[in-house]
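Okay, coords.cif is below, mmCIF, C-alpha atoms:
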```cif
data_target
#
loop_
_atom_site.label_atom_id
_atom_site.label_comp_id
_atom_site.auth_asym_id
_atom_site.auth_seq_id
_atom_site.Cartn_x
_atom_site.Cartn_y
_atom_site.Cartn_z
CA MET F 839 50.93 288.86 -81.01
CA HIS F 840 51.88 292.16 -79.45
CA ALA F 841 53.94 294.07 -81.98
CA VAL F 842 55.02 296.43 -79.23
CA ILE F 843 57.56 293.89 -77.91
CA PRO F 844 59.88 293.82 -80.96
CA TYR F 845 59.36 297.55 -81.49
CA VAL F 846 60.52 298.34 -77.95
CA THR F 847 63.40 295.88 -78.30
CA ALA F 848 64.50 297.67 -81.45
CA ALA F 849 64.24 301.08 -79.77
CA LEU F 850 66.36 299.94 -76.84
CA LEU F 851 68.94 298.37 -79.14
CA PHE F 852 69.17 301.60 -81.12
CA GLY F 853 69.69 303.57 -77.91
CA LEU F 854 72.42 301.15 -76.86
CA GLY F 855 74.07 301.56 -80.25
CA VAL F 856 74.05 305.36 -79.97
CA TYR F 857 75.49 305.09 -76.48
CA GLY F 858 78.23 302.74 -77.69
CA VAL F 859 79.19 304.94 -80.65
CA LEU F 860 79.53 307.96 -78.37
CA ARG F 861 81.17 306.15 -75.48
CA ARG F 862 83.76 303.89 -77.02
CA ARG F 863 87.25 304.96 -77.99
CA ASN F 864 88.32 301.84 -79.86
CA ALA F 865 87.31 302.06 -83.52
CA ILE F 866 86.40 298.36 -83.70
CA LEU F 867 84.02 298.73 -80.75
CA VAL F 868 82.48 301.75 -82.47
CA LEU F 869 81.84 299.55 -85.51
CA MET F 870 80.22 296.92 -83.26
CA ALA F 871 77.87 299.58 -81.86
CA VAL F 872 77.02 300.65 -85.42
CA GLU F 873 76.07 297.04 -86.12
CA LEU F 874 73.70 297.13 -83.16
CA MET F 875 72.01 300.24 -84.58
CA LEU F 876 71.65 298.66 -88.02
CA ASN F 877 70.11 295.57 -86.45
CA ALA F 878 67.59 297.72 -84.60
CA VAL F 879 66.53 299.28 -87.91
CA ASN F 880 66.24 295.83 -89.45
CA LEU F 881 64.06 294.67 -86.59
CA ILE F 882 61.73 297.63 -87.14
CA PHE F 883 61.53 296.75 -90.85
CA VAL F 884 60.71 293.10 -90.26
CA THR F 885 58.15 293.84 -87.53
CA ALA F 886 56.39 296.38 -89.68
CA ASP F 887 56.43 293.92 -92.54
CA ALA F 888 54.80 291.23 -90.39
CA THR F 889 52.07 293.51 -89.04
CA ILE F 890 51.32 296.04 -91.75
CA ARG F 891 48.84 293.85 -93.63
CA SER F 892 46.48 293.44 -90.73
CA ALA F 893 46.89 297.09 -89.81
CA LEU F 894 45.67 298.16 -93.25
CA VAL F 895 42.23 296.55 -93.08
CA GLY F 896 39.84 298.38 -95.35
CA VAL F 897 42.51 300.42 -97.06
CA GLN F 898 42.38 300.16 -100.81
CA ILE F 899 45.93 299.67 -102.04
CA GLU F 900 46.78 300.99 -105.45
CA ALA F 901 47.37 298.41 -108.12
CA TRP F 902 50.77 299.74 -109.06
CA ALA F 903 51.96 299.37 -105.48
CA GLN F 904 51.87 295.59 -105.54
CA PRO F 905 51.84 294.08 -109.00
CA ASN F 906 52.38 290.53 -107.80
CA GLY F 907 50.43 289.63 -104.76
CA GLU F 908 51.37 290.33 -101.17
CA PRO F 909 53.70 293.20 -100.42
CA HIS F 910 56.69 292.23 -98.34
CA ALA F 911 58.91 295.20 -98.90
CA GLY F 912 60.02 295.18 -95.25
CA SER F 913 61.82 291.86 -95.52
CA VAL F 914 63.39 292.86 -98.82
CA PHE F 915 64.66 296.09 -97.30
CA ALA F 916 65.98 294.18 -94.30
CA LEU F 917 68.00 292.02 -96.69
CA PHE F 918 69.29 295.12 -98.44
CA VAL F 919 70.31 296.67 -95.13
CA ILE F 920 72.17 293.49 -94.16
CA VAL F 921 74.15 293.63 -97.42
CA LEU F 922 74.83 297.35 -96.90
CA ALA F 923 76.05 296.66 -93.38
CA ALA F 924 78.41 293.98 -94.66
CA ALA F 925 79.87 296.36 -97.25
CA GLU F 926 80.15 299.07 -94.59
CA VAL F 927 82.01 296.87 -92.17
CA GLY F 928 84.38 295.69 -94.91
CA VAL F 929 85.41 299.19 -95.93
CA GLY F 930 85.38 300.43 -92.33
CA LEU F 931 87.73 297.72 -91.15
CA ALA F 932 90.03 298.38 -94.11
CA ILE F 933 90.23 302.02 -93.01
CA VAL F 934 90.83 301.04 -89.38
CA LEU F 935 93.60 298.60 -90.29
CA GLN F 936 95.27 301.12 -92.59
CA TYR F 937 95.15 303.72 -89.83
CA TYR F 938 96.60 301.20 -87.40
CA ARG F 939 99.41 300.46 -89.85
CA MET F 940 100.21 304.17 -90.13
CA ARG F 941 99.87 305.25 -86.50
CA GLN F 942 99.85 302.07 -84.40
CA ALA F 943 96.63 303.18 -82.71
CA VAL F 944 92.90 302.60 -83.06
CA ALA F 945 91.57 305.27 -80.68
CA VAL F 946 89.07 307.42 -82.53
CA ASP F 947 89.51 310.49 -80.36
CA GLU F 948 93.23 310.68 -81.10
CA VAL F 949 92.80 310.90 -84.87
CA ALA F 950 94.45 314.10 -86.04
CA LEU F 951 92.03 315.87 -88.35
CA HIS F 952 94.58 318.43 -89.51
CA TYR F 953 97.54 317.72 -91.73
CA GLU F 954 100.76 317.21 -89.86
CA PRO F 955 103.87 316.87 -91.99
CA HIS F 956 106.10 314.06 -90.90
CA PRO F 957 109.80 314.84 -90.34
CA ALA F 958 110.77 312.27 -92.96
CA ASP F 959 108.68 314.11 -95.54
CA GLU F 960 110.41 317.37 -94.74
CA GLN F 961 113.81 315.70 -95.08
CA VAL F 962 112.90 314.51 -98.53
CA ALA F 963 111.47 317.86 -99.50
CA SER F 964 114.52 319.83 -98.39
CA MET E 1132 50.12 286.33 -73.72
CA THR E 1133 50.63 283.72 -76.35
CA VAL E 1134 53.61 281.53 -77.11
CA ALA E 1135 54.78 284.02 -79.71
CA ASP E 1136 54.64 286.81 -77.13
CA ALA E 1137 56.67 284.81 -74.64
CA LEU E 1138 59.26 283.97 -77.29
CA LEU E 1139 59.45 287.59 -78.39
CA LEU E 1140 59.91 288.74 -74.81
CA ALA E 1141 62.62 286.21 -74.03
CA LEU E 1142 64.57 286.77 -77.24
CA GLY E 1143 64.23 290.53 -76.92
CA ALA E 1144 65.54 290.41 -73.37
CA ILE E 1145 68.51 288.34 -74.53
CA ALA E 1146 69.20 290.72 -77.42
CA VAL E 1147 69.01 293.87 -75.28
CA GLY E 1148 70.98 292.35 -72.40
CA SER E 1149 73.86 291.13 -74.55
CA GLY E 1150 73.72 294.39 -76.52
CA PHE E 1151 74.22 296.20 -73.22
CA LEU E 1152 77.22 293.99 -72.52
CA VAL E 1153 78.62 294.77 -76.01
CA VAL E 1154 78.76 298.49 -75.25
CA THR E 1155 79.94 298.15 -71.66
CA SER E 1156 82.36 295.20 -71.67
CA VAL E 1157 86.01 296.01 -71.02
CA HIS E 1158 87.24 292.97 -72.94
CA LEU E 1159 87.42 293.53 -76.69
CA VAL E 1160 87.00 289.88 -77.62
CA ARG E 1161 84.14 289.40 -75.18
CA ALA E 1162 82.36 292.38 -76.72
CA GLY E 1163 82.58 290.59 -80.08
CA LEU E 1164 81.22 287.36 -78.62
CA TYR E 1165 78.35 289.17 -76.89
CA LEU E 1166 77.60 290.68 -80.28
CA VAL E 1167 77.22 287.13 -81.60
CA ILE E 1168 74.64 286.38 -78.90
CA SER E 1169 72.75 289.60 -79.59
CA LEU E 1170 72.64 289.03 -83.35
CA GLY E 1171 71.59 285.43 -82.86
CA ALA E 1172 68.71 286.50 -80.62
CA ILE E 1173 67.64 289.01 -83.27
CA ALA E 1174 67.69 286.20 -85.84
CA GLY E 1175 65.37 284.29 -83.50
CA LEU E 1176 63.09 287.32 -83.38
CA TYR E 1177 62.97 287.31 -87.19
CA LEU E 1178 61.98 283.64 -87.11
CA VAL E 1179 59.12 284.33 -84.68
CA LEU E 1180 58.01 287.26 -86.83
CA GLY E 1181 57.80 284.99 -89.86
CA ALA E 1182 60.74 286.30 -91.87
CA GLU E 1183 62.57 283.06 -92.32
CA LEU E 1184 64.93 283.98 -95.12
CA VAL E 1185 66.01 287.18 -93.37
CA ALA E 1186 66.78 285.16 -90.24
CA TRP E 1187 69.06 282.74 -92.07
CA VAL E 1188 70.74 285.52 -94.03
CA GLN E 1189 71.31 287.25 -90.70
CA VAL E 1190 72.97 284.14 -89.31
CA LEU E 1191 75.06 283.64 -92.45
CA VAL E 1192 76.17 287.20 -93.10
CA TYR E 1193 76.23 288.77 -89.64
CA VAL E 1194 77.22 285.95 -87.33
CA GLY E 1195 79.20 284.14 -89.98
CA ALA E 1196 81.00 286.94 -91.76
CA VAL E 1197 80.76 290.32 -90.05
CA VAL E 1198 81.61 289.14 -86.54
CA VAL E 1199 84.48 287.01 -87.83
CA LEU E 1200 85.76 290.08 -89.68
CA LEU E 1201 85.51 292.16 -86.51
CA LEU E 1202 87.39 289.53 -84.52
CA PHE E 1203 90.06 289.40 -87.22
CA ALA E 1204 90.42 293.17 -86.90
CA VAL E 1205 90.73 292.80 -83.12
CA MET E 1206 93.51 290.31 -83.73
CA LEU E 1207 95.32 292.37 -86.39
CA THR E 1208 95.36 295.52 -84.29
CA ARG E 1209 97.10 293.55 -81.53
CA ALA E 1210 94.44 294.16 -78.94
CA PRO E 1211 95.49 293.05 -75.49
CA ILE E 1212 94.14 289.81 -74.08
CA GLY E 1213 92.17 290.64 -70.96
CA ALA E 1214 90.66 293.83 -69.69
CA SER E 1215 91.63 297.10 -71.31
CA LYS E 1216 91.36 300.22 -69.20
CA ASP E 1217 91.23 302.89 -71.88
CA LEU E 1218 88.31 301.72 -73.97
CA ASP E 1219 85.87 304.40 -72.87
CA ARG E 1220 85.41 308.11 -73.10
CA PRO E 1221 83.49 310.17 -70.51
CA ALA E 1222 80.05 308.71 -69.96
CA THR E 1223 77.89 311.76 -69.43
CA PRO E 1224 77.24 312.95 -73.02
CA ALA E 1225 76.90 309.37 -74.26
CA LEU E 1226 74.44 308.58 -71.48
CA LEU E 1227 72.45 311.73 -72.18
CA ILE E 1228 72.19 311.26 -75.94
CA GLY E 1229 71.98 307.47 -76.03
CA GLY E 1230 69.53 307.29 -73.16
CA GLY E 1231 67.49 310.12 -74.63
CA VAL E 1232 67.29 308.45 -78.04
CA GLY E 1233 66.54 305.01 -76.64
CA LEU E 1234 63.94 306.08 -74.11
CA GLY E 1235 62.37 308.58 -76.49
CA LEU E 1236 61.94 305.97 -79.21
CA THR E 1237 60.68 303.47 -76.65
CA ALA E 1238 58.06 305.91 -75.39
CA LEU E 1239 56.99 306.78 -78.93
CA LEU E 1240 56.66 303.20 -80.15
CA ALA E 1241 55.09 301.91 -76.94
CA ASP E 1242 52.52 304.68 -77.07
CA ALA E 1243 51.73 303.98 -80.70
CA PHE E 1244 51.47 300.17 -80.54
CA ARG E 1245 50.58 299.52 -76.90
CA TRP E 1246 47.23 297.81 -77.11
CA THR E 1247 47.11 296.61 -80.68
CA ILE E 1248 47.15 292.84 -81.05
CA TYR E 1249 48.05 291.50 -84.46
CA PRO E 1250 47.40 288.05 -85.84
CA GLN E 1251 50.37 285.77 -86.02
CA ALA E 1252 52.31 286.49 -89.17
CA GLU E 1253 52.40 283.66 -91.65
CA THR E 1254 55.80 282.19 -92.29
CA GLY E 1255 57.45 283.70 -95.30
CA THR E 1256 59.14 281.48 -97.81
CA ALA E 1257 62.19 282.07 -99.94
CA GLU E 1258 60.00 281.76 -103.01
CA ARG E 1259 57.90 284.76 -102.00
CA MET E 1260 61.02 286.78 -101.21
CA GLY E 1261 62.53 285.85 -104.54
CA GLU E 1262 59.41 287.03 -106.36
CA GLN E 1263 59.63 290.31 -104.50
CA ILE E 1264 63.34 290.87 -105.06
CA PHE E 1265 63.39 289.97 -108.73
CA GLY E 1266 60.00 291.52 -109.42
CA ASP E 1267 59.43 294.82 -107.69
CA TRP E 1268 62.90 295.47 -106.36
CA VAL E 1269 65.13 294.36 -109.17
CA LEU E 1270 66.59 297.81 -109.81
CA PRO E 1271 67.70 298.40 -106.19
CA PHE E 1272 69.06 294.86 -106.23
CA GLU E 1273 71.29 295.61 -109.21
CA VAL E 1274 72.36 298.95 -107.72
CA LEU E 1275 73.29 297.03 -104.57
CA SER E 1276 75.51 294.69 -106.57
CA ILE E 1277 77.32 297.72 -108.02
CA LEU E 1278 77.74 299.02 -104.48
CA LEU E 1279 79.23 295.71 -103.38
CA LEU E 1280 81.68 295.86 -106.26
CA ALA E 1281 82.63 299.40 -105.24
CA ALA E 1282 83.12 298.28 -101.63
CA LEU E 1283 85.29 295.39 -102.82
CA VAL E 1284 87.50 297.66 -104.92
CA GLY E 1285 87.60 300.26 -102.15
CA ALA E 1286 88.69 297.74 -99.54
CA ILE E 1287 91.44 296.43 -101.83
CA VAL E 1288 92.71 299.93 -102.64
CA LEU E 1289 92.63 300.94 -98.98
CA SER E 1290 94.61 297.87 -98.03
CA ARG E 1291 97.46 298.52 -100.43
CA PRO E 1292 100.69 298.77 -98.44
CA ASP E 1293 101.98 301.73 -100.45
CA LEU E 1294 98.98 303.88 -99.60
CA GLY E 1295 99.90 306.41 -96.94
CA ALA E 1296 103.43 305.11 -96.64
CA ARG E 1297 105.76 307.92 -95.78
CA ARG E 1298 108.41 308.75 -98.31
CA GLN E 1299 111.58 307.57 -96.74
CA PRO E 1300 115.09 308.79 -97.46
CA PRO E 1301 116.59 306.20 -99.79
CA GLU E 1302 119.51 305.21 -97.56
CA GLU E 1303 117.34 303.60 -94.89
CA SER E 1304 115.49 300.93 -96.75
CA PRO E 1305 111.86 300.93 -95.67
CA THR E 1306 110.60 297.47 -94.96
CA PRO E 1307 107.36 297.93 -93.10
CA GLU E 1308 105.98 294.67 -91.91
CA GLU E 1309 103.09 293.52 -93.97
CA SER E 1310 99.92 292.73 -92.17
CA PRO E 1311 97.29 290.62 -93.90
CA THR E 1312 94.80 292.72 -95.76
CA PRO E 1313 91.05 292.36 -95.42
CA GLU E 1314 90.53 292.52 -99.14
CA GLU E 1315 88.66 289.26 -99.17
CA SER E 1316 86.16 290.81 -96.81
CA PRO E 1317 83.14 291.42 -99.07
CA ALA E 1318 83.43 288.00 -100.66
CA PRO E 1319 80.52 286.36 -98.79
CA GLU E 1320 78.19 289.19 -99.74
CA THR E 1321 79.05 288.96 -103.40
CA ALA E 1322 78.40 285.26 -103.24
CA GLU E 1323 75.05 285.98 -101.68
CA ALA E 1324 74.16 288.72 -104.12
#
```
Kindly return the structure encoded in the file as structure tokens.
Amino acid sequence: MHAVIPYVTAALLFGLGVYGVLRRRNAILVLMAVELMLNAVNLIFVTADATIRSALVGVQIEAWAQPNGEPHAGSVFALFVIVLAAAEVGVGLAIVLQYYRMRQAVAVDEVALHYEPHPADEQVAS
Amino acid sequence: MTVADALLLALGAIAVGSGFLVVTSVHLVRAGLYLVISLGAIAGLYLVLGAELVAWVQVLVYVGAVVVLLLFAVMLTRAPIGASKDLDRPATPALLIGGGVGLGLTALLADAFRWTIYPQAETGTAERMGEQIFGDWVLPFEVLSILLLAALVGAIVLSRPDLGARRQPPEESPTPEESPTPEESPAPETAEA
């Protein structure tokens, strides 16, 4: 098994994700590109997990590093990253929908980063 | 070139090709459906690499929950059916940085792992993963459950209709239309955790 194939796949997917995050204007498409990047990282984790044992031939592993048998930290971390991605997309979509409710737009390059008082606010204040 | 290599090549080509369509498609809904194909191909890669539980969790959480959530958001933001013209920003910086990152990582990893041939990974079982999670990684697991709770509460608070509502003069009664809130979004993850 050539481990270079999934590694190169993951690298290309990460590049595509970076391209999508920088290229897209729609916030939902930006989130989709972020998902691609997270999947690339997961693929690296799982591939390293599947190949690291045979790559470490002759290396004495400390006893505290694996108290119960085979180490498979890569798969465990891939699971953790999947859960993190799900939490991220939940909160991210809540932000996007709230912004859409306020401004009727989802374009990320039109988000005003400075505070602009709304005329209704000034009416109330005066 | 073994069967595993051929499967890895085919699934990787599917994943990269549909990933390319995700970031270049001009249809919002089609981008979401191409994302389904890409994530499914990555789940197939996990199966070939011997991480069975991760593959099924990927299918359940990503294809089953995250993509459905993204498509719901596409629907709630009233995205147009059909091609949208204003989805993209100028391509040059994105091409430079994205292409640089992708090709640089590809060169690095291909140079590092070019000729090494590994034995076929043995298929992992859920029992082994469970031993790992509840043995070595139990503290990160619990921290992750706290994070999921925080994400749940954060999504609910963000979706409250009174958050960010402009103070209106009292004579014009404000009745902003209520869109459904995604507060049930992290539910599948909490069930999984």
Item to check | Residues matched by the PyMOL selection byres ((chain F) within 6 of (chain E)), written as a list of chain:residue names | outcome: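 Applying the PyMOL selection byres ((chain F) within 6 of (chain E)) to the structure shown produces F:Met839, F:His840, F:Val842, F:Val846, F:Thr847, F:Ala849, F:Leu850, F:Leu851, F:Gly853, F:Val856, F:Tyr857, F:Gly858, F:Leu860, F:Arg861, F:Arg862, F:Arg863, F:Asn864, F:Ala888, F:Ala925, F:Gly928, F:Val929, F:Ala932.
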Checklist entry - How would you write, as number ranges by chain, the residues chosen by the PyMOL selection byres ((chain F and resi 874) around 8) on this structure? => result F: 851-852, 854-855, 870-873, 875-878; E: 1150
Checklist entry - Mind telling me what the PyMOL selection byres ((chain F and resi 919) around 10) catches here, as a PyMOL selection string? => result (chain F and resi 876-877+879-880+883+913-918+920-925) or (chain E and resi 1275)
Checklist entry - Given the choices F:Ile933, F:Ala911, F:Met940, F:Ala950, which gets closest to Thr885 in chain F if the distance is worked out from only C-alpha atoms? => result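 Smallest separation from Thr885 in chain F among the options: F:Ala911.
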Next on the checklist: Would you compute the distance between CA of Ser1215 in chain E and CA of Glu926 in chain F? Give it in Å to one decimal.
Outcome noted: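 Computed distance, CA of Ser1215 in chain E to CA of Glu926 in chain F, equals 26.0 Å.
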Item to check | Distance of CA of Arg1161 in chain E from CA of Pro844 in chain F, expressed in Å to one decimal place | outcome: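 Between these atoms lies a distance of 25.3 Å.
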Next on the checklist: Between CA of Ile1212 in chain E and CA of His1158 in chain E, what is the distance in Å, rounded to a tenth?
Outcome noted: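 CA of His1158 in chain E lies at a distance of 7.7 Å from CA of Ile1212 in chain E.
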Checklist entry - Pick from E:Ala1172, E:Val1199, E:Val1269, E:Met1206: nearest to Ala848 in chain F, with all atoms listed in the file counted? => result E:Ala1172
